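Dropping input07.cif in here (mmCIF, C-alpha atoms and all ligand atoms):
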data_coords
#
loop_
_atom_site.label_atom_id
_atom_site.label_comp_id
_atom_site.auth_asym_id
_atom_site.auth_seq_id
_atom_site.Cartn_x
_atom_site.Cartn_y
_atom_site.Cartn_z
CA MET A 1 88.52 148.06 112.81
CA ALA A 2 86.62 147.72 116.03
CA ASN A 3 89.38 147.52 118.58
CA VAL A 4 92.78 149.18 118.56
CA VAL A 5 95.76 148.56 120.84
CA VAL A 6 98.23 151.38 121.35
CA VAL A 7 101.69 150.31 122.50
CA GLY A 8 104.94 152.18 122.96
CA ALA A 9 107.50 150.67 120.58
CA GLN A 10 110.64 151.95 122.36
CA TRP A 11 111.43 152.54 126.07
CA GLY A 12 108.27 154.52 126.84
CA ASP A 13 107.68 158.28 126.56
CA GLU A 14 107.00 158.03 122.83
CA GLY A 15 104.08 160.44 123.05
CA LYS A 16 101.30 157.90 123.57
CA GLY A 17 99.12 160.32 125.54
CA LYS A 18 98.37 162.57 122.61
CA ILE A 19 97.73 159.68 120.19
CA VAL A 20 95.51 157.85 122.65
CA ASP A 21 93.56 161.04 123.21
CA TRP A 22 93.28 161.59 119.48
CA LEU A 23 91.96 158.05 119.00
CA SER A 24 89.78 158.09 122.10
CA GLU A 25 87.44 160.55 120.44
CA ARG A 26 86.58 157.72 118.03
CA ALA A 27 86.35 154.99 120.69
CA ASP A 28 83.55 154.06 123.09
CA VAL A 29 85.74 152.41 125.71
CA ILE A 30 89.33 153.22 126.70
CA ALA A 31 91.07 150.52 128.74
CA ARG A 32 94.39 150.39 130.56
CA PHE A 33 95.69 146.79 130.57
CA GLN A 34 99.11 146.86 132.29
CA GLY A 35 101.44 148.99 134.36
CA GLY A 36 100.37 151.40 137.04
CA HIS A 37 101.06 154.97 138.06
CA ASN A 38 104.65 154.59 136.89
CA ALA A 39 103.17 155.82 133.60
CA GLY A 40 102.75 159.49 132.87
CA HIS A 41 100.52 160.64 130.06
CA THR A 42 100.23 164.30 129.25
CA LEU A 43 97.23 165.46 127.26
CA VAL A 44 96.84 168.95 125.84
CA ILE A 45 93.24 169.72 124.92
CA ASP A 46 92.31 173.25 123.83
CA GLY A 47 95.33 174.57 125.69
CA THR A 48 94.48 172.78 128.96
CA VAL A 49 97.13 170.34 130.18
CA TYR A 50 95.98 167.15 131.92
CA LYS A 51 98.54 164.93 133.60
CA LEU A 52 97.42 161.34 134.04
CA HIS A 53 99.24 158.44 135.63
CA ALA A 54 96.81 155.68 136.59
CA LEU A 55 93.64 156.95 134.93
CA PRO A 56 92.98 155.98 131.31
CA SER A 57 93.26 158.94 128.94
CA GLY A 58 89.58 158.60 128.05
CA VAL A 59 88.47 160.11 131.37
CA VAL A 60 88.83 163.63 130.05
CA ARG A 61 86.32 162.95 127.24
CA PRO A 62 82.64 163.03 128.18
CA GLY A 63 80.52 160.03 127.25
CA LYS A 64 83.35 157.49 127.19
CA LEU A 65 83.81 154.51 129.46
CA SER A 66 87.31 154.34 130.96
CA VAL A 67 88.50 151.04 132.32
CA ILE A 68 91.33 149.97 134.61
CA GLY A 69 91.87 146.31 133.76
CA ASN A 70 93.13 143.44 135.87
CA GLY A 71 96.55 143.63 134.18
CA VAL A 72 97.17 146.94 135.97
CA VAL A 73 98.50 147.30 139.52
CA LEU A 74 96.61 150.02 141.34
CA ASP A 75 97.59 152.30 144.21
CA PRO A 76 94.15 153.23 145.60
CA TRP A 77 95.37 156.32 147.47
CA HIS A 78 97.19 157.63 144.45
CA LEU A 79 94.12 156.99 142.31
CA MET A 80 91.82 159.01 144.57
CA THR A 81 94.33 161.90 144.59
CA GLU A 82 94.54 161.78 140.81
CA ILE A 83 90.75 161.69 140.49
CA ALA A 84 90.48 164.71 142.80
CA ALA A 85 93.02 166.66 140.71
CA ILE A 86 91.26 165.87 137.43
CA ARG A 87 87.86 166.68 138.96
CA ALA A 88 89.30 170.03 140.05
CA GLN A 89 89.95 170.71 136.35
CA GLY A 90 86.22 170.31 135.72
CA VAL A 91 86.18 166.68 134.54
CA GLU A 92 83.34 164.48 135.79
CA ILE A 93 84.37 161.00 136.97
CA THR A 94 81.59 158.62 138.06
CA PRO A 95 81.07 154.84 138.22
CA GLN A 96 79.38 155.23 134.82
CA THR A 97 82.53 156.68 133.28
CA LEU A 98 85.22 154.76 135.20
CA MET A 99 85.33 151.04 136.01
CA ILE A 100 88.04 149.16 137.86
CA ALA A 101 88.34 145.40 137.42
CA GLU A 102 87.50 143.59 140.64
CA ASN A 103 90.52 141.34 140.17
CA THR A 104 93.02 144.21 139.98
CA PRO A 105 95.88 143.79 142.49
CA LEU A 106 96.58 146.74 144.76
CA ILE A 107 99.83 148.57 145.32
CA LEU A 108 100.21 149.06 149.07
CA PRO A 109 102.48 151.47 150.94
CA PHE A 110 104.98 148.71 151.76
CA HIS A 111 105.42 147.99 148.04
CA GLY A 112 106.73 151.50 147.48
CA GLU A 113 108.97 151.24 150.54
CA LEU A 114 110.39 147.93 149.32
CA ASP A 115 110.92 149.28 145.81
CA ARG A 116 112.84 152.29 147.12
CA ALA A 117 114.78 150.30 149.75
CA ARG A 118 115.99 147.84 147.13
CA GLU A 119 116.93 150.58 144.70
CA GLY A 120 119.01 152.21 147.43
CA GLN A 121 120.81 149.03 148.52
CA THR A 122 123.68 148.42 146.12
CA ALA A 123 124.57 149.45 142.60
CA VAL A 124 124.17 145.81 141.55
CA ALA A 125 120.47 145.81 142.52
CA LYS A 126 119.58 149.16 140.95
CA ILE A 127 117.11 149.18 138.05
CA GLY A 128 116.32 152.88 138.11
CA THR A 129 112.63 152.27 138.84
CA THR A 130 110.06 154.99 139.38
CA GLY A 131 109.97 153.95 143.06
CA ARG A 132 106.20 153.54 142.98
CA GLY A 133 106.05 149.93 144.12
CA ILE A 134 105.18 148.52 140.71
CA GLY A 135 107.63 145.60 140.78
CA PRO A 136 106.82 144.45 144.34
CA ALA A 137 103.07 144.62 143.62
CA TYR A 138 103.42 142.41 140.54
CA GLU A 139 105.64 140.04 142.54
CA ASP A 140 102.83 139.67 145.07
CA LYS A 141 100.29 139.03 142.32
CA VAL A 142 102.37 136.18 140.90
CA GLY A 143 103.27 135.05 144.43
CA ARG A 144 99.51 134.71 145.17
CA ARG A 145 99.61 137.04 148.13
CA ALA A 146 98.21 140.22 146.54
CA ILE A 147 95.24 142.11 147.93
CA ARG A 148 92.82 142.66 145.06
CA VAL A 149 90.05 145.21 144.67
CA ALA A 150 87.32 142.65 145.46
CA ASP A 151 89.03 141.80 148.78
CA LEU A 152 88.22 145.29 150.04
CA ALA A 153 84.53 144.41 150.34
CA ASP A 154 84.85 142.05 153.29
CA ARG A 155 86.74 142.78 156.51
CA ALA A 156 87.53 139.12 157.33
CA THR A 157 88.90 138.41 153.83
CA LEU A 158 90.87 141.63 153.91
CA GLU A 159 92.54 140.73 157.21
CA LEU A 160 93.35 137.26 155.92
CA ARG A 161 94.94 138.74 152.80
CA VAL A 162 96.93 141.24 154.84
CA ASP A 163 98.26 138.45 157.08
CA ARG A 164 99.20 136.37 154.06
CA ALA A 165 101.11 139.29 152.54
CA LEU A 166 102.84 140.19 155.79
CA VAL A 167 104.26 136.69 156.35
CA HIS A 168 106.34 137.41 153.29
CA HIS A 169 106.91 141.13 153.65
CA ASP A 170 107.85 141.30 157.31
CA ALA A 171 110.53 138.66 156.75
CA LEU A 172 111.84 140.62 153.78
CA ARG A 173 111.75 143.90 155.69
CA ARG A 174 113.74 142.44 158.56
CA GLY A 175 116.46 141.51 156.07
CA LEU A 176 116.49 145.04 154.68
CA GLY A 177 116.58 146.63 158.14
CA LEU A 178 113.03 148.01 157.91
CA ASP A 179 110.45 147.90 160.71
CA PRO A 180 107.62 145.36 160.36
CA VAL A 181 104.46 146.69 158.72
CA ASP A 182 101.96 148.29 161.11
CA ARG A 183 99.22 145.73 160.50
CA ALA A 184 96.41 147.53 162.33
CA GLY A 185 97.30 150.81 160.63
CA LEU A 186 97.30 149.18 157.20
CA VAL A 187 93.93 147.48 157.74
CA ALA A 188 92.48 150.80 158.92
CA GLN A 189 93.86 152.62 155.89
CA LEU A 190 92.42 149.98 153.56
CA GLU A 191 89.05 150.06 155.27
CA ALA A 192 88.94 153.83 154.93
CA ILE A 193 89.70 153.83 151.18
CA ALA A 194 87.59 150.72 150.40
CA PRO A 195 84.22 152.42 149.78
CA GLU A 196 85.79 154.99 147.48
CA ILE A 197 87.41 152.31 145.32
CA LEU A 198 84.53 149.82 145.46
CA ARG A 199 82.20 152.43 143.91
CA PHE A 200 84.12 151.92 140.68
CA ALA A 201 84.64 148.13 140.94
CA ALA A 202 83.07 146.00 138.22
CA PRO A 203 83.45 142.64 136.45
CA VAL A 204 85.34 144.33 133.64
CA TRP A 205 85.81 141.16 131.59
CA LYS A 206 82.00 140.82 131.42
CA VAL A 207 81.29 144.45 130.67
CA LEU A 208 83.89 144.52 127.89
CA ASN A 209 82.70 141.27 126.32
CA GLU A 210 79.16 142.68 126.27
CA ARG A 211 80.34 146.02 124.92
CA ARG A 212 82.30 144.24 122.22
CA LYS A 213 79.29 142.17 121.18
CA ALA A 214 77.24 145.36 121.06
CA GLY A 215 79.71 146.74 118.50
CA ASN A 216 81.48 149.23 120.75
CA ARG A 217 84.95 150.33 119.75
CA ILE A 218 87.57 149.59 122.38
CA LEU A 219 90.87 151.43 122.60
CA PHE A 220 93.51 149.58 124.64
CA GLU A 221 95.89 152.12 126.13
CA GLY A 222 99.37 150.74 126.70
CA ALA A 223 101.82 152.29 129.14
CA GLN A 224 105.65 152.21 129.09
CA GLY A 225 107.23 150.70 125.96
CA ALA A 226 107.93 147.29 124.45
CA LEU A 227 111.63 147.48 125.37
CA LEU A 228 110.55 147.61 129.02
CA ASP A 229 108.47 144.43 128.61
CA ILE A 230 109.21 141.86 131.32
CA ASP A 231 109.85 139.12 128.71
CA PHE A 232 111.07 140.93 125.61
CA GLY A 233 112.64 144.07 127.06
CA THR A 234 116.20 144.80 128.11
CA TYR A 235 115.91 142.50 131.15
CA PRO A 236 116.51 143.07 134.04
CA PHE A 237 116.26 146.80 133.24
CA VAL A 238 112.56 146.57 132.50
CA THR A 239 109.23 147.14 134.19
CA SER A 240 107.43 144.20 135.80
CA SER A 241 104.54 143.74 133.37
CA ASN A 242 104.05 142.52 129.84
CA VAL A 243 103.88 145.69 127.82
CA ILE A 244 103.55 144.20 124.34
CA ALA A 245 100.20 144.10 122.56
CA GLY A 246 99.28 140.51 123.42
CA GLN A 247 98.82 141.66 127.01
CA ALA A 248 95.87 143.85 126.01
CA ALA A 249 93.54 140.84 125.87
CA THR A 250 94.80 139.18 129.06
CA GLY A 251 94.89 142.47 130.91
CA VAL A 252 91.14 143.06 130.62
CA GLY A 253 89.66 139.58 130.04
CA LEU A 254 88.94 139.53 126.30
CA GLY A 255 90.06 136.87 123.83
CA PRO A 256 93.08 137.39 121.55
CA GLY A 257 90.75 137.72 118.54
CA SER A 258 89.38 140.95 119.97
CA ILE A 259 92.40 142.92 118.77
CA ASP A 260 91.94 144.28 115.27
CA PHE A 261 94.74 146.80 114.87
CA VAL A 262 97.97 147.37 116.79
CA LEU A 263 99.34 150.89 116.61
CA GLY A 264 102.96 151.22 117.71
CA ILE A 265 103.99 154.64 118.95
CA VAL A 266 107.47 155.51 117.77
CA LYS A 267 109.49 158.61 118.53
CA ALA A 268 111.62 159.89 115.63
CA TYR A 269 114.71 159.45 117.84
CA THR A 270 115.27 157.34 120.98
CA THR A 271 115.04 158.03 124.71
CA ARG A 272 115.16 155.98 127.88
CA VAL A 273 114.82 156.72 131.60
CA GLY A 274 116.64 154.66 134.22
CA GLU A 275 119.47 152.18 133.92
CA GLY A 276 120.18 149.65 131.18
CA PRO A 277 121.64 149.25 127.72
CA PHE A 278 120.98 151.91 125.07
CA PRO A 279 123.11 151.27 121.95
CA THR A 280 122.47 154.61 120.19
CA GLU A 281 122.77 156.81 123.29
CA LEU A 282 124.47 160.15 122.61
CA LEU A 283 126.59 161.60 125.38
CA ASP A 284 127.49 164.66 123.30
CA PRO A 285 125.99 167.98 122.18
CA ASP A 286 123.64 166.19 119.73
CA GLY A 287 122.18 164.22 122.66
CA GLU A 288 121.87 167.41 124.71
CA ARG A 289 120.10 169.08 121.82
CA LEU A 290 117.58 166.25 121.42
CA GLY A 291 116.86 166.38 125.16
CA ALA A 292 116.45 170.15 125.25
CA ARG A 293 114.34 170.43 122.10
CA GLY A 294 112.27 167.38 122.98
CA HIS A 295 111.73 168.48 126.63
CA GLU A 296 112.95 165.06 127.65
CA PHE A 297 112.19 164.99 131.36
CA GLY A 298 110.08 162.23 132.92
CA THR A 299 106.42 163.10 133.56
CA THR A 300 106.34 160.86 136.62
CA THR A 301 109.73 161.36 138.26
CA GLY A 302 111.08 164.50 136.56
CA ARG A 303 114.28 162.59 135.74
CA LYS A 304 116.30 163.66 132.70
CA ARG A 305 115.85 161.18 129.88
CA ARG A 306 118.82 159.72 128.08
CA CYS A 307 118.68 160.57 124.35
CA GLY A 308 120.05 159.04 121.14
CA TRP A 309 119.57 158.50 117.42
CA PHE A 310 116.71 156.48 116.01
CA ASP A 311 117.35 152.76 116.35
CA ALA A 312 115.58 150.92 113.54
CA VAL A 313 116.84 147.54 114.77
CA LEU A 314 114.98 147.91 118.05
CA VAL A 315 111.78 149.21 116.51
CA ARG A 316 111.72 146.49 113.84
CA GLN A 317 111.98 144.00 116.70
CA THR A 318 109.23 145.56 118.83
CA CYS A 319 106.93 145.88 115.82
CA ALA A 320 107.37 142.14 115.39
CA THR A 321 106.79 141.15 119.03
CA SER A 322 103.67 143.31 119.24
CA GLY A 323 102.39 142.54 115.74
CA VAL A 324 102.26 146.25 114.94
CA ASN A 325 100.07 147.03 111.91
CA GLY A 326 101.09 150.67 111.63
CA ILE A 327 103.09 153.21 113.60
CA ALA A 328 102.40 156.70 114.84
CA LEU A 329 105.66 158.61 114.39
CA THR A 330 106.01 161.39 116.93
CA LYS A 331 108.28 164.36 117.62
CA LEU A 332 109.72 164.61 114.12
CA ASP A 333 109.99 168.36 114.70
CA VAL A 334 112.71 167.76 117.33
CA LEU A 335 114.97 166.74 114.42
CA ASP A 336 114.38 170.04 112.57
CA GLY A 337 117.61 171.90 111.82
CA PHE A 338 120.13 169.08 112.21
CA ASP A 339 122.65 169.07 109.32
CA GLU A 340 122.59 165.32 109.23
CA LEU A 341 120.79 162.53 111.03
CA LYS A 342 121.87 159.04 111.86
CA ILE A 343 119.75 155.91 111.93
CA CYS A 344 120.96 152.67 113.44
CA VAL A 345 120.49 149.91 110.84
CA GLY A 346 122.35 147.01 112.49
CA TYR A 347 124.71 146.17 115.33
CA ASP A 348 128.28 145.05 115.53
CA LEU A 349 128.81 142.36 118.14
CA ASP A 350 132.47 141.47 118.53
CA GLY A 351 133.10 141.96 114.81
CA THR A 352 129.94 140.24 113.57
CA ARG A 353 127.02 142.19 112.11
CA ILE A 354 123.66 141.28 113.62
CA ASP A 355 120.16 142.49 112.79
CA HIS A 356 118.46 142.20 116.19
CA LEU A 357 119.07 143.00 119.83
CA PRO A 358 120.57 139.89 121.39
CA THR A 359 119.00 138.50 124.56
CA ALA A 360 122.08 138.07 126.77
CA ALA A 361 122.60 141.14 128.95
CA ASP A 362 126.36 141.28 128.30
CA HIS A 363 125.74 141.18 124.55
CA GLN A 364 123.13 143.93 124.85
CA ALA A 365 125.67 146.04 126.70
CA ARG A 366 128.40 145.36 124.14
CA VAL A 367 126.68 145.87 120.78
CA THR A 368 127.73 148.98 118.88
CA PRO A 369 125.41 150.61 116.36
CA ILE A 370 126.02 150.56 112.63
CA TYR A 371 124.70 153.85 111.30
CA GLU A 372 123.33 155.11 108.05
CA THR A 373 123.59 158.90 107.65
CA MET A 374 120.79 160.94 106.13
CA PRO A 375 120.70 164.63 105.26
CA GLY A 376 118.76 166.83 107.68
CA TRP A 377 116.32 169.59 106.72
CA SER A 378 116.32 173.31 107.39
CA GLY A 379 112.57 173.96 107.26
CA SER A 380 110.15 173.30 110.11
CA THR A 381 107.95 170.26 110.48
CA GLU A 382 106.30 171.57 113.63
CA GLY A 383 102.54 171.77 113.34
CA ALA A 384 102.47 170.22 109.84
CA ARG A 385 99.05 168.83 108.96
CA SER A 386 99.76 167.36 105.51
CA TRP A 387 102.69 165.78 103.71
CA ALA A 388 102.87 168.90 101.55
CA ASP A 389 103.82 170.89 104.68
CA LEU A 390 106.93 168.75 105.23
CA PRO A 391 110.41 169.44 103.82
CA ALA A 392 111.45 166.84 101.21
CA ASN A 393 114.25 165.48 103.40
CA ALA A 394 111.85 164.99 106.31
CA ILE A 395 109.63 162.86 104.06
CA LYS A 396 112.71 160.88 102.97
CA TYR A 397 113.58 160.28 106.62
CA VAL A 398 110.08 159.01 107.37
CA ARG A 399 110.06 156.75 104.32
CA ARG A 400 113.44 155.30 105.28
CA VAL A 401 112.19 154.61 108.80
CA GLU A 402 109.21 152.73 107.34
CA GLU A 403 111.49 150.61 105.15
CA LEU A 404 113.91 149.79 107.91
CA ILE A 405 111.32 148.82 110.50
CA ASP A 406 109.20 147.00 107.93
CA CYS A 407 106.04 148.74 109.02
CA PRO A 408 104.06 151.65 107.53
CA VAL A 409 103.35 155.01 109.14
CA ALA A 410 99.66 155.29 109.99
CA LEU A 411 99.90 158.65 111.77
CA LEU A 412 102.46 161.41 111.97
CA SER A 413 102.35 163.69 114.98
CA THR A 414 104.01 167.08 114.52
CA SER A 415 103.36 168.86 117.85
CA PRO A 416 101.74 168.18 121.22
CA GLU A 417 98.50 169.77 119.95
CA ARG A 418 96.03 167.08 119.00
CA ASP A 419 95.15 168.50 115.59
CA ASP A 420 98.77 168.70 114.48
CA THR A 421 98.54 165.18 113.11
CA ILE A 422 98.85 163.75 109.61
CA LEU A 423 96.59 160.76 109.12
CA VAL A 424 97.65 158.09 106.62
CA THR A 425 95.63 155.09 107.81
CA ASP A 426 92.83 155.38 110.32
CA PRO A 427 93.34 152.50 112.80
CA PHE A 428 89.58 152.50 113.48
CA ALA A 429 88.57 152.45 109.82
CA ASP A 430 86.70 149.34 108.67
P1 LIG B 1 109.18 150.55 137.35
O1 LIG B 1 108.15 150.35 136.30
O2 LIG B 1 108.89 151.70 138.26
O3 LIG B 1 109.49 149.28 138.11
O4 LIG B 1 110.56 150.95 136.63
C1 LIG B 1 111.27 150.01 135.81
C2 LIG B 1 111.89 150.70 134.60
O5 LIG B 1 110.85 151.15 133.73
C3 LIG B 1 112.72 151.95 134.92
O6 LIG B 1 113.78 152.03 134.00
C4 LIG B 1 111.75 153.09 134.68
O7 LIG B 1 112.42 154.28 134.36
C5 LIG B 1 110.98 152.55 133.49
N1 LIG B 1 109.64 153.10 133.37
C6 LIG B 1 108.55 152.78 134.08
N2 LIG B 1 107.47 153.46 133.65
C7 LIG B 1 107.89 154.21 132.64
C8 LIG B 1 107.22 155.13 131.74
O8 LIG B 1 106.01 155.35 131.80
N3 LIG B 1 108.01 155.72 130.81
C9 LIG B 1 109.33 155.44 130.68
N4 LIG B 1 109.99 154.60 131.47
C10 LIG B 1 109.27 153.98 132.44
#

Just give me the structure of the file as structure tokens.
Amino acid sequence: MANVVVVGAQWGDEGKGKIVDWLSERADVIARFQGGHNAGHTLVIDGTVYKLHALPSGVVRPGKLSVIGNGVVLDPWHLMTEIAAIRAQGVEITPQTLMIAENTPLILPFHGELDRAREGQTAVAKIGTTGRGIGPAYEDKVGRRAIRVADLADRATLELRVDRALVHHDALRRGLGLDPVDRAGLVAQLEAIAPEILRFAAPVWKVLNERRKAGNRILFEGAQGALLDIDFGTYPFVTSSNVIAGQAATGVGLGPGSIDFVLGIVKAYTTRVGEGPFPTELLDPDGERLGARGHEFGTTTGRKRRCGWFDAVLVRQTCATSGVNGIALTKLDVLDGFDELKICVGYDLDGTRIDHLPTAADHQARVTPIYETMPGWSGSTEGARSWADLPANAIKYVRRVEELIDCPVALLSTSPERDDTILVTDPFAD
């Protein structure tokens, strides 16, 4: 397979960073295609921990091209800070190793302010966002008032774009009791950062089409998870981009036929950060235990993640909407030592059994899980590198997950270390 898309198949935080890093060794190009620095990917390579938010995971590997595609929203100041931090860890980042699509919309300081102001308004408006301005930046993109990377190259265009954005934002800010944006200050800030960003700007769609024709392997690095997708997630408690695999093509400027394999990243239990429905959430000692053993705190905001049993209904659904060919199952070791484990196999909605998450928000909030109980295992799965290293009941659990979600396991990840991985199907194999 030439090109592989990696998507989170739950609510994000499935452990994509490690898998993307593992695959990126085999890829020539690593491309982000949606989201922004709301993402947090932790990579552990030879004991060194790298924390990435906006940068593609490929940046830490020499000789790879990392790409920020047009489907991303980019905070230029955050990016430069992140580049500086990664450089300080000895990683080289140059225009040869990092390209930013010229048509990428920017996240500006007033987007973050708006995001946080809205979150703080009333309980009714709260989504539990990361407060990084992601939603407002995507709103401006669709509202045709975004400032894009290419606009930074020309002062007159930039000022025109700023004015266009401020017509909307100053009106909105007045309503929220915020001061109007300091126009001159914003233009000056943008002019100052422009040369640093423009160094990396490129017609990404063209470069990737050429790379593809030349036989390069492209790894599309998804952020967040399919249940946070703007169309197919638990709306309105979602992020503001399409997260599912189809976005990979649109988010960089390649055709849909360029995707050869979709790898869904699936955690062996379920977590979510922020507000919104979560049918298998555990507000009991089992939930506490999953959170503590799984170190379930957000990489970006440090918030405690909500934890619950594995929900096969949700993952079957996200595997379908992303066309997942195989999953990478992560954090199985967090389940070590439980006497028994539950898997959600269906929902009860007002006395009727259903096999999918309904679309209506009140139905999503009301469904109750129907569980199947499986025996736990006493041995350890941590660090296992072959099926033979796994307790029999752990293998049974994995096999049952495959059956229920109607999708095979391609990879099994058994610790944050990159080599603690059991490979079943190589997504890049021809
Ligand atoms: P936003 O993307 O900051 O607008 O946040 C919208 C929702 O997506 C909130 O529930 C966030 O907690 C969630 N979210 C955004 N990015 C991530 C992520 O990388 N992992 C998990 N949840 C995320």

Could I get the residue neighbourhood of ligand LIG 1 (chain B) at 8 Å, counting all atoms listed in the file, as a ChimeraX atom specification?
-> /A:11-13,35-41,115,127-135,223-225,228,237-240,272-276,298-300

To one decimal place, how far is CA of Asp179 (chain A) from CA of Thr81 (chain A) in Å?
->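 Taking CA of Asp179 (chain A) as the start and CA of Thr81 (chain A) as the end point, the length is 26.8 Å.
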
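Nearest residue to Ala31 (chain A) among A:Arg116, A:Arg217, A:Arg148, A:Arg399 is A:Arg217, counting all atoms listed in the file.
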
Near Arg385 (chain A), within 9 Å and counting only C-alpha atoms, which residues show up once chain neighbours fewer than 5 positions away are dropped, as a ChimeraX atom specification?
-> /A:390,412-414,419-423

Residue neighbourhood Asp151 (chain A), 9 Å, only C-alpha atoms, exclusion window fewer than 6 positions, as a list in words | Glu102, Asn103, Thr157, Leu158 and Arg161 of chain A

Go ahead and fit an axis-aligned box to every listed atom of region 367-383 of chain A plus 8 Å each side, and pass me the centre and edge lengths in Å, one decimal, as lines of an AutoDock Vina configuration file.
center_x = 115.1
center_y = 159.9
center_z = 113.0
size_x = 41.2
size_y = 44.1
size_z = 31.5

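Each of A:Ala194, A:Val72, A:Ile45, A:Ala248 was compared to Pro416 (chain A) using all atoms listed in the file, and A:Ile45 turns out to be the nearest.
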
Name the residues in contact with Ile93 (chain A) at a cut-off of 10 Å, using all atoms listed in the file, excluding same-chain residues fewer than 6 positions from it; report them as a ChimeraX atom specification.
-> /A:59-60,62,65-66,83-84,86-87,200

Compile the contact shell of Arg61 (chain A) as a PyMOL selection string: residues with an atom at most 10 Å away, counting all atoms listed in the file, same-chain residues fewer than 5 positions apart removed.
-> chain A and resi 21+24-25+45+66+91-92+97

Create the file for the chosen residues now, containing C-alpha atoms and written as a CSV table (one decimal), in the frame of the given file.
chain,number,residue,atom,x,y,z
A,21,ASP,CA,93.6,161.0,123.2
A,24,SER,CA,89.8,158.1,122.1
A,25,GLU,CA,87.4,160.6,120.4
A,45,ILE,CA,93.2,169.7,124.9
A,66,SER,CA,87.3,154.3,131.0
A,91,VAL,CA,86.2,166.7,134.5
A,92,GLU,CA,83.3,164.5,135.8
A,97,THR,CA,82.5,156.7,133.3

Which of A:Gly291, A:Val49, A:Thr271, A:Leu176 sits closest to Gly120 (chain A) [using only C-alpha atoms] = A:Leu176

Rank A:Arg199, A:Arg306, A:Lys51, A:Arg32 by their smallest atom-to-atom distance to Pro277 (chain A), using all atoms listed in the file, and report the top residue only.
->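 Smallest separation from Pro277 (chain A) among the options: A:Arg306.
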
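Note that CA of Phe220 (chain A) and CA of Thr321 (chain A) are 16.7 Å apart.
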